[in-house]
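Student: Next comes model11.txt, compact mmCIF, C-alpha atoms:
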```txt
# COMPACT_ATOMS: atom_id res chain seq x y z
CA MET B 8 217.35 67.51 57.00
CA THR B 9 214.81 69.57 55.10
CA ALA B 10 211.14 68.98 55.94
CA VAL B 11 209.02 67.98 52.96
CA ARG B 12 205.93 70.16 52.56
CA PRO B 13 202.86 67.93 52.54
CA GLU B 14 200.97 70.19 50.18
CA THR B 15 201.80 72.24 47.14
CA HIS B 16 199.86 74.66 44.99
CA ASP B 17 198.83 72.06 42.45
CA ALA B 18 195.42 71.19 41.01
CA LYS B 19 195.01 68.19 43.29
CA THR B 20 195.54 70.30 46.43
CA PHE B 21 193.20 72.99 45.10
CA GLU B 22 190.44 70.51 44.38
CA ALA B 23 190.88 68.85 47.79
CA LEU B 24 190.39 72.27 49.43
CA LEU B 25 187.44 73.19 47.20
CA GLN B 26 185.45 69.97 47.59
CA PRO B 27 184.40 70.54 51.24
CA VAL B 28 183.26 74.14 50.57
CA LEU B 29 181.38 73.34 47.36
CA ARG B 30 178.00 72.92 49.08
CA VAL B 31 178.20 76.32 50.79
CA ALA B 32 179.57 77.91 47.61
CA TYR B 33 176.73 76.53 45.48
CA GLY B 34 174.14 77.49 48.11
CA VAL B 35 175.38 81.08 48.23
CA ALA B 36 175.72 81.23 44.43
CA LEU B 37 172.15 80.03 44.09
CA ARG B 38 170.89 82.84 46.31
CA LEU B 39 173.00 85.39 44.41
CA ALA B 40 172.41 84.28 40.83
CA ARG B 41 168.81 83.20 41.55
CA ASN B 42 168.87 80.19 39.22
CA SER B 43 170.76 76.91 39.20
CA SER B 44 172.33 77.31 35.76
CA ASP B 45 173.93 80.68 36.56
CA ALA B 46 174.84 79.43 40.04
CA GLU B 47 176.79 76.50 38.57
CA ASP B 48 178.54 78.78 36.11
CA LEU B 49 179.38 81.22 38.90
CA VAL B 50 180.88 78.51 41.14
CA GLN B 51 182.88 77.12 38.21
CA GLU B 52 184.13 80.48 37.01
CA ALA B 53 185.11 81.50 40.54
CA ALA B 54 186.93 78.18 40.92
CA LEU B 55 188.90 78.82 37.75
CA LEU B 56 189.79 82.35 38.87
CA ALA B 57 190.78 81.02 42.28
CA PHE B 58 192.93 78.29 40.77
CA ARG B 59 194.75 80.83 38.60
CA ALA B 60 195.46 82.87 41.74
CA PHE B 61 196.13 79.80 43.90
CA ALA B 62 199.86 80.53 44.16
CA SER B 63 198.98 83.64 46.18
CA PHE B 64 196.89 81.64 48.66
CA GLU B 65 198.76 80.82 51.83
CA LEU B 66 198.23 77.13 52.52
CA GLY B 67 196.89 76.51 55.99
CA THR B 68 194.84 79.72 56.11
CA ASN B 69 191.08 80.06 55.56
CA PHE B 70 190.47 78.67 52.06
CA LYS B 71 186.69 79.00 52.34
CA ALA B 72 186.84 82.72 53.10
CA TRP B 73 189.39 83.24 50.31
CA TYR B 74 187.36 81.35 47.70
CA MET B 75 184.03 82.86 48.78
CA ARG B 76 185.51 86.32 48.40
CA ILE B 77 186.50 85.49 44.82
CA LEU B 78 183.02 84.10 44.21
CA THR B 79 181.21 87.22 45.49
CA ASN B 80 183.57 89.50 43.53
CA CYS B 81 182.94 87.39 40.44
CA TYR B 82 179.19 87.74 40.98
CA PHE B 83 179.38 91.52 41.22
CA ALA B 84 181.69 91.74 38.20
CA LYS B 85 179.84 89.45 35.81
CA TYR B 86 176.59 87.94 37.02
CA ARG B 87 174.88 90.83 38.73
CA ARG B 88 171.83 91.80 36.79
CA VAL B 89 171.13 95.47 36.32
CA LYS B 90 167.55 94.74 37.23
CA ARG B 91 166.86 93.55 40.74
CA GLY B 92 164.85 90.41 41.46
CA PRO B 93 161.09 90.42 41.63
CA GLU B 94 160.47 93.84 43.11
CA PHE B 95 156.98 93.10 44.27
CA VAL B 96 157.05 95.18 47.40
CA ASP B 97 158.86 98.16 48.84
CA LEU B 98 161.21 96.69 51.42
CA ASP B 99 162.77 99.92 52.60
CA ASP B 100 162.26 100.90 56.21
CA THR B 101 160.68 97.66 57.28
CA PRO B 102 160.23 97.95 61.07
CA ALA B 103 161.61 95.47 63.61
CA LEU B 104 159.45 92.45 64.44
CA TYR B 105 157.54 92.85 61.18
CA LEU B 106 156.41 89.24 60.90
CA MET B 107 155.42 89.12 64.54
CA PHE B 108 153.12 92.10 64.14
CA GLN B 109 151.69 90.84 60.84
CA THR B 110 150.94 87.38 62.21
CA ALA B 111 149.39 88.95 65.32
CA GLY B 112 147.29 91.27 63.15
CA ALA B 113 146.09 88.28 61.12
CA GLY B 114 144.91 86.63 64.34
CA LEU B 115 147.53 83.89 64.32
CA HIS B 116 148.63 84.39 67.92
CA THR B 117 145.30 83.52 69.47
CA ARG B 118 146.22 80.02 70.55
CA GLY B 119 149.53 81.18 71.87
CA ALA B 120 151.29 78.34 70.08
CA ASP B 121 154.07 78.99 67.59
CA PRO B 122 152.90 81.48 64.94
CA ALA B 123 156.35 81.84 63.33
CA GLY B 124 156.71 78.08 63.04
CA ALA B 125 153.14 77.69 61.75
CA LEU B 126 153.75 80.24 59.00
CA LEU B 127 157.20 79.10 57.89
CA GLU B 128 156.47 75.39 58.07
CA ARG B 129 153.85 75.98 55.38
CA MET B 130 156.38 77.73 53.14
CA ASP B 131 158.61 75.55 50.98
CA SER B 132 162.24 76.21 50.06
CA GLU B 133 161.28 77.79 46.72
CA GLN B 134 158.98 80.27 48.41
CA VAL B 135 161.70 81.24 50.90
CA ALA B 136 164.11 81.57 47.97
CA GLU B 137 161.56 83.83 46.25
CA ALA B 138 161.61 86.12 49.29
CA ILE B 139 165.42 86.21 49.46
CA ALA B 140 165.57 86.96 45.73
CA ALA B 141 163.62 90.16 46.38
CA LEU B 142 166.38 91.64 48.56
CA PRO B 143 168.63 94.30 47.01
CA ASP B 144 172.11 92.94 46.10
CA GLU B 145 174.11 94.38 48.99
CA TYR B 146 171.68 92.90 51.52
CA ARG B 147 171.22 89.61 49.65
CA VAL B 148 174.96 88.90 49.67
CA VAL B 149 175.35 89.15 53.45
CA CYS B 150 172.05 87.36 54.05
CA ALA B 151 173.05 84.52 51.70
CA LEU B 152 176.38 84.06 53.50
CA TYR B 153 174.60 84.20 56.85
CA PHE B 154 171.74 81.82 56.07
CA VAL B 155 173.63 79.24 54.00
CA ASP B 156 176.52 78.97 56.42
CA ASP B 157 176.84 79.85 60.09
CA LEU B 158 179.54 82.42 59.46
CA PRO B 159 180.38 84.95 62.18
CA TYR B 160 179.97 88.61 61.17
CA GLN B 161 183.77 89.01 61.00
CA ASP B 162 184.11 86.26 58.38
CA ILE B 163 181.29 87.75 56.32
CA ALA B 164 183.05 91.13 56.51
CA GLU B 165 186.28 89.59 55.20
CA ILE B 166 184.49 87.82 52.35
CA VAL B 167 182.46 90.82 51.23
CA GLY B 168 185.32 93.24 51.88
CA VAL B 169 183.39 95.73 54.01
CA PRO B 170 183.81 96.80 57.66
CA LEU B 171 182.26 94.71 60.43
CA GLY B 172 179.76 97.46 61.29
CA THR B 173 178.52 97.50 57.69
CA VAL B 174 177.92 93.75 57.78
CA ARG B 175 176.04 94.12 61.05
CA SER B 176 173.74 96.87 59.77
CA ARG B 177 173.16 95.21 56.36
CA LEU B 178 172.41 91.88 57.98
CA HIS B 179 170.00 93.32 60.54
CA ARG B 180 168.24 95.44 57.97
CA GLY B 181 168.30 92.64 55.41
CA ARG B 182 166.60 90.32 57.89
CA ARG B 183 163.84 92.86 58.45
CA MET B 184 163.39 93.22 54.70
CA LEU B 185 163.31 89.47 54.38
CA GLN B 186 160.49 89.26 56.93
CA LYS B 187 158.41 91.65 54.83
CA ALA B 188 159.21 89.70 51.66
CA LEU B 189 158.35 86.40 53.38
CA TRP B 190 154.99 87.80 54.48
CA HIS B 191 154.26 89.03 50.98
CA VAL B 192 155.16 85.64 49.46
CA ALA B 193 153.04 83.85 52.07
CA GLU B 194 150.10 86.10 51.26
CA SER B 195 150.49 85.75 47.50
CA HIS B 196 150.58 81.94 47.75
CA GLY B 197 147.45 81.81 49.91
CA ILE B 198 149.33 80.61 52.98
CA VAL B 199 148.11 83.42 55.23
CA THR B 200 144.49 82.86 54.16
CA ALA B 201 144.80 79.12 54.83
CA LEU B 202 146.32 79.71 58.26
CA THR B 203 143.70 82.30 59.19
CA ALA B 204 140.93 79.92 58.12
CA ALA B 205 142.45 77.15 60.22
CA GLU B 206 142.49 79.44 63.27
CA ASN B 207 138.77 80.27 62.97
CA MET Y 10 179.07 103.09 82.80
CA THR Y 11 177.39 99.77 82.10
CA PRO Y 12 173.80 99.65 83.37
CA ASP Y 13 172.88 96.84 85.74
CA ARG Y 14 169.76 96.02 83.75
CA TYR Y 15 168.27 96.64 80.30
CA THR Y 16 164.86 98.02 79.40
CA CYS Y 17 162.69 96.24 76.80
CA GLU Y 18 163.76 98.83 74.23
CA GLU Y 19 167.45 98.22 74.93
CA VAL Y 20 166.91 94.48 74.59
CA LEU Y 21 165.06 94.86 71.27
CA ARG Y 22 167.94 96.95 69.95
CA ARG Y 23 170.33 94.10 70.76
CA LEU Y 24 168.08 91.20 69.82
CA ASP Y 25 169.70 90.42 66.44
CA ASP Y 26 173.19 90.44 67.90
CA PHE Y 27 171.99 88.34 70.85
CA LEU Y 28 170.46 85.77 68.50
CA ASP Y 29 173.75 85.55 66.59
CA ARG Y 30 175.88 85.44 69.78
CA GLU Y 31 177.66 88.59 68.65
CA LEU Y 32 177.30 90.53 71.94
CA ASP Y 33 180.13 90.79 74.40
CA GLY Y 34 179.83 88.83 77.64
CA SER Y 35 178.37 91.56 79.85
CA GLU Y 36 175.78 92.66 77.27
CA GLU Y 37 174.77 89.10 76.58
CA LYS Y 38 174.27 88.50 80.29
CA LEU Y 39 172.07 91.61 80.66
CA VAL Y 40 169.90 90.61 77.68
CA GLN Y 41 169.57 87.06 78.98
CA GLU Y 42 168.62 88.29 82.46
CA HIS Y 43 165.95 90.56 80.99
CA ILE Y 44 164.51 87.81 78.76
CA ASP Y 45 164.39 85.43 81.71
CA THR Y 46 162.02 87.78 83.54
CA CYS Y 47 160.07 89.57 80.77
CA ALA Y 48 157.35 87.55 79.04
CA ASN Y 49 156.97 90.02 76.14
CA CYS Y 50 160.66 90.09 75.28
CA LEU Y 51 160.85 86.30 75.66
CA ARG Y 52 157.99 85.99 73.14
CA GLU Y 53 159.78 88.32 70.71
CA TYR Y 54 163.03 86.41 71.14
CA GLU Y 55 161.36 83.03 70.58
CA PHE Y 56 159.54 84.33 67.51
CA GLU Y 57 162.69 85.77 65.90
CA LYS Y 58 164.69 82.65 66.76
CA THR Y 59 162.11 80.43 65.06
CA VAL Y 60 162.09 82.61 61.93
CA LEU Y 61 165.88 82.39 61.65
CA GLN Y 62 165.96 78.64 62.28
CA GLN Y 63 163.23 77.95 59.74
CA VAL Y 64 164.77 80.14 57.04
CA LYS Y 65 168.21 78.58 57.58
CA ALA Y 66 166.76 75.06 57.38
CA LYS Y 67 164.95 75.81 54.11
CA VAL Y 68 167.85 77.67 52.51
CA ARG Y 69 170.16 74.77 53.32
CA ARG Y 70 167.84 72.20 51.76
CA LEU Y 71 169.65 72.03 48.44
CA SER Y 72 171.39 69.45 46.32
CA VAL Y 73 174.65 70.33 44.67
CA PRO Y 74 174.68 69.11 41.03
CA ALA Y 75 176.44 65.74 41.07
CA ASP Y 76 178.90 66.56 38.30
CA LEU Y 77 179.81 70.11 39.41
CA MET Y 78 183.15 69.15 40.99
CA ARG Y 79 183.99 66.99 37.96
CA ARG Y 80 183.21 69.90 35.61
CA ILE Y 81 185.42 72.20 37.68
CA ALA Y 82 188.27 69.67 37.63
CA ARG Y 83 187.95 69.37 33.83
CA ALA Y 84 187.95 73.16 33.43
CA ILE Y 85 191.06 73.45 35.59
CA GLU Y 86 192.77 70.72 33.61
CA ALA Y 87 191.91 72.42 30.31
CA ASP Y 88 193.05 75.78 31.70
CA SER Y 89 196.36 74.33 32.92
CA ALA Y 90 196.98 72.64 29.56
CA GLY Y 91 196.31 75.94 27.80
CA THR Y 92 198.70 77.76 30.12
CA ASP Y 93 201.44 75.15 29.76
CA SER Y 94 201.38 75.09 25.96
```
Please render this file's structure as structure tokens.
Tutor:
Amino acid sequence: MTAVRPETHDAKTFEALLQPVLRVAYGVALRLARNSSDAEDLVQEAALLAFRAFASFELGTNFKAWYMRILTNCYFAKYRRVKRGPEFVDLDDTPALYLMFQTAGAGLHTRGADPAGALLERMDSEQVAEAIAALPDEYRVVCALYFVDDLPYQDIAEIVGVPLGTVRSRLHRGRRMLQKALWHVAESHGIVTALTAAEN
Amino acid sequence: MTPDRYTCEEVLRRLDDFLDRELDGSEEKLVQEHIDTCANCLREYEFEKTVLQQVKAKVRRLSVPADLMRRIARAIEADSAGTDS
């Protein structure tokens, strides 16, 4: 007796696999494309490309990684802007523990409480998105995959198509850059001033 | 040879990997042992952990457009019809 395969490469199967990863896909697309309209288009276009290539996907393997790789490739091929995001600050060579030193320098460690929490709790999602948008593409991609989903470095490497060591260094450096961008956004929105005033 | 303890500098170099649970067992143990007994490194670890947690929480606060999956399904249907004809 021949076993009947429970799934085939049809539209219904594809959509059933896509539905659970849509939230992560849209979240990453939003960080890459920087606006909701382009993010929706990116997710949809990547879905169409993925569906056309669905016959080459081995059912039972990691659909999310496969689709996210198509999505990031699609971004680099079509949606990547020549101009970077708001380049308000030079993020190169940001030292380790940047936010810790900045918050200490601003006198926010005096009560020994939770200076990182105090700062970031005052920042809304749009302000954090503004900081992420400032990262150069190659860092923003790995940071988006890391922050939107709890992916291990190996999975990020497979999605982006670079070696594990490259993911590690881009992620670590990207996080440092992000700290500098977060501090700049917090300063420009008056959050640092408000926190400093509250401390005194 | 693996050292039997890490300095503050060695811990800082491994802090990102430690936070992401990307160190191997012996390295993770050495970082943990150092943090358990060094107030400065513990403070740095707690600070970095909070930053990551807060950024993740805010980045994940998003609502997927309600009709996105429906639009994708329609696009696939239209694409399949075009291919079949």
Student: For the atom pair CA of Arg182 in chain B and CA of Glu133 in chain B, what is the interatomic distance in Å to one decimal place?
Tutor: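 Separating CA of Arg182 in chain B from CA of Glu133 in chain B is a distance of 17.6 Å.
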Student: What's the 10 Å shell around Arg14 in chain Y, counting all atoms listed in the file, without same-chain residues fewer than 4 positions away, as a VMD selection string?
Tutor: chain Y and resid 19 to 20 36 38 to 40 42 to 43
Student: Hey, can you check how far CA of Leu39 in chain B sits from CA of Val174 in chain B?
Tutor: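 It comes out at 16.5 Å.
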Student: Within 6 Å of chain Y, which residues belong to chain B? Use only C-alpha atoms and report them as JSON, numbers by chain.
Tutor: {"B": [51, 123, 132, 154, 155]}
Student: When you look at range 61-74 of chain B with a cut-off of 8 Å (counting only C-alpha atoms), what residues show up, excluding the ones that are within fewer than 3 positions of it in the same chain? I need them as a PDB file with C-alpha atoms, in the coordinates of the input.
Tutor:
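New file selection_16.pdb:
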```
ATOM      1  CA  GLU B  14     200.970  70.190  50.180  1.00  0.00           C
ATOM      2  CA  HIS B  16     199.860  74.660  44.990  1.00  0.00           C
ATOM      3  CA  PHE B  21     193.200  72.990  45.100  1.00  0.00           C
ATOM      4  CA  LEU B  24     190.390  72.270  49.430  1.00  0.00           C
ATOM      5  CA  LEU B  25     187.440  73.190  47.200  1.00  0.00           C
ATOM      6  CA  VAL B  28     183.260  74.140  50.570  1.00  0.00           C
ATOM      7  CA  ALA B  53     185.110  81.500  40.540  1.00  0.00           C
ATOM      8  CA  ALA B  54     186.930  78.180  40.920  1.00  0.00           C
ATOM      9  CA  ALA B  57     190.780  81.020  42.280  1.00  0.00           C
ATOM     10  CA  PHE B  58     192.930  78.290  40.770  1.00  0.00           C
ATOM     11  CA  ILE B  77     186.500  85.490  44.820  1.00  0.00           C
ATOM     12  CA  LEU B  78     183.020  84.100  44.210  1.00  0.00           C
ATOM     13  CA  ASP B 162     184.110  86.260  58.380  1.00  0.00           C
ATOM     14  CA  GLU B 165     186.280  89.590  55.200  1.00  0.00           C
ATOM     15  CA  ILE B 166     184.490  87.820  52.350  1.00  0.00           C
TER      16      ILE B 166
END
```
Student: Find, counting all atoms listed in the file, the residue in Y:Ser35, Y:Ala75, Y:Asp45, Y:Cys50 that gets nearest to Pro12 in chain Y.
Tutor: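 Checking each candidate against Pro12 in chain Y, we get Y:Ser35 as the closest.
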Student: CA of Glu137 in chain B and CA of Glu194 in chain B, how far apart in Å?
Tutor: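 If I compute the distance from CA of Glu194 in chain B to CA of Glu137 in chain B, I get 12.7 Å.
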Student: Counting all atoms listed in the file, select every polymer residue within 10 Å of (173.3, 86.1, 48.7) as defined in the file's coordinates, and provide the selection as a ChimeraX atom specification.
Tutor: /B:34-41,79,82,139-140,142-155
Student: Please save C-alpha atoms of the selected residues as a PDB file, keeping the file's coordinate frame.
Tutor:
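As written to disk, again04.pdb reads:
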```pdb
ATOM      1  CA  GLY B  34     174.140  77.490  48.110  1.00  0.00           C
ATOM      2  CA  VAL B  35     175.380  81.080  48.230  1.00  0.00           C
ATOM      3  CA  ALA B  36     175.720  81.230  44.430  1.00  0.00           C
ATOM      4  CA  LEU B  37     172.150  80.030  44.090  1.00  0.00           C
ATOM      5  CA  ARG B  38     170.890  82.840  46.310  1.00  0.00           C
ATOM      6  CA  LEU B  39     173.000  85.390  44.410  1.00  0.00           C
ATOM      7  CA  ALA B  40     172.410  84.280  40.830  1.00  0.00           C
ATOM      8  CA  ARG B  41     168.810  83.200  41.550  1.00  0.00           C
ATOM      9  CA  THR B  79     181.210  87.220  45.490  1.00  0.00           C
ATOM     10  CA  TYR B  82     179.190  87.740  40.980  1.00  0.00           C
ATOM     11  CA  ILE B 139     165.420  86.210  49.460  1.00  0.00           C
ATOM     12  CA  ALA B 140     165.570  86.960  45.730  1.00  0.00           C
ATOM     13  CA  LEU B 142     166.380  91.640  48.560  1.00  0.00           C
ATOM     14  CA  PRO B 143     168.630  94.300  47.010  1.00  0.00           C
ATOM     15  CA  ASP B 144     172.110  92.940  46.100  1.00  0.00           C
ATOM     16  CA  GLU B 145     174.110  94.380  48.990  1.00  0.00           C
ATOM     17  CA  TYR B 146     171.680  92.900  51.520  1.00  0.00           C
ATOM     18  CA  ARG B 147     171.220  89.610  49.650  1.00  0.00           C
ATOM     19  CA  VAL B 148     174.960  88.900  49.670  1.00  0.00           C
ATOM     20  CA  VAL B 149     175.350  89.150  53.450  1.00  0.00           C
ATOM     21  CA  CYS B 150     172.050  87.360  54.050  1.00  0.00           C
ATOM     22  CA  ALA B 151     173.050  84.520  51.700  1.00  0.00           C
ATOM     23  CA  LEU B 152     176.380  84.060  53.500  1.00  0.00           C
ATOM     24  CA  TYR B 153     174.600  84.200  56.850  1.00  0.00           C
ATOM     25  CA  PHE B 154     171.740  81.820  56.070  1.00  0.00           C
ATOM     26  CA  VAL B 155     173.630  79.240  54.000  1.00  0.00           C
TER      27      VAL B 155
END
```
Student: Draw an axis-aligned box tight on the listed atoms of range 41-45 of chain Y, then pad every side by 6 Å and write out centre and edge lengths in Å to one decimal as JSON.
Tutor:
```
{"center_x": 167.0, "center_y": 88.0, "center_z": 80.6, "size_x": 17.2, "size_y": 17.1, "size_z": 15.7}
```
Student: From the options Y:Leu32, Y:Gly91, Y:Leu51, Y:Asp76, which residue's atoms come nearest to Cys17 in chain Y, counting only C-alpha atoms?
Tutor: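 Counting only C-alpha atoms, the residue closest to Cys17 in chain Y is Y:Leu51.
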Student: List as JSON, numbers by chain the protein and nucleic acid residues near Val192 in chain B, meaning an atom at most 10 Å away when only C-alpha atoms are counted, but skip any in the same chain fewer than 3 places from it.
Tutor: {"B": [95, 96, 130, 134, 135, 136, 137, 138, 186, 187, 188, 189, 195, 196, 197, 198, 199]}
Student: Give me, as a compact mmCIF listing (two decimals) with C-alpha atoms, in the frame of the given file, all polymer residues having an atom no more than 9 Å from Cys81 in chain B, counting only C-alpha atoms and skipping those fewer than 6 positions away in the same chain.
Tutor:
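Output file part23.txt is given in full below:
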```txt
# COMPACT_ATOMS: atom_id res chain seq x y z
CA LEU B 49 179.38 81.22 38.90
CA GLU B 52 184.13 80.48 37.01
CA ALA B 53 185.11 81.50 40.54
CA LEU B 56 189.79 82.35 38.87
CA ARG B 87 174.88 90.83 38.73
```
Student: From the options B:Ser44, B:Gln161, B:Thr110, B:Ser176, which residue's atoms come nearest to Tyr86 in chain B, counting only C-alpha atoms?
Tutor: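 Result for the nearest residue to Tyr86 in chain B: B:Ser44.
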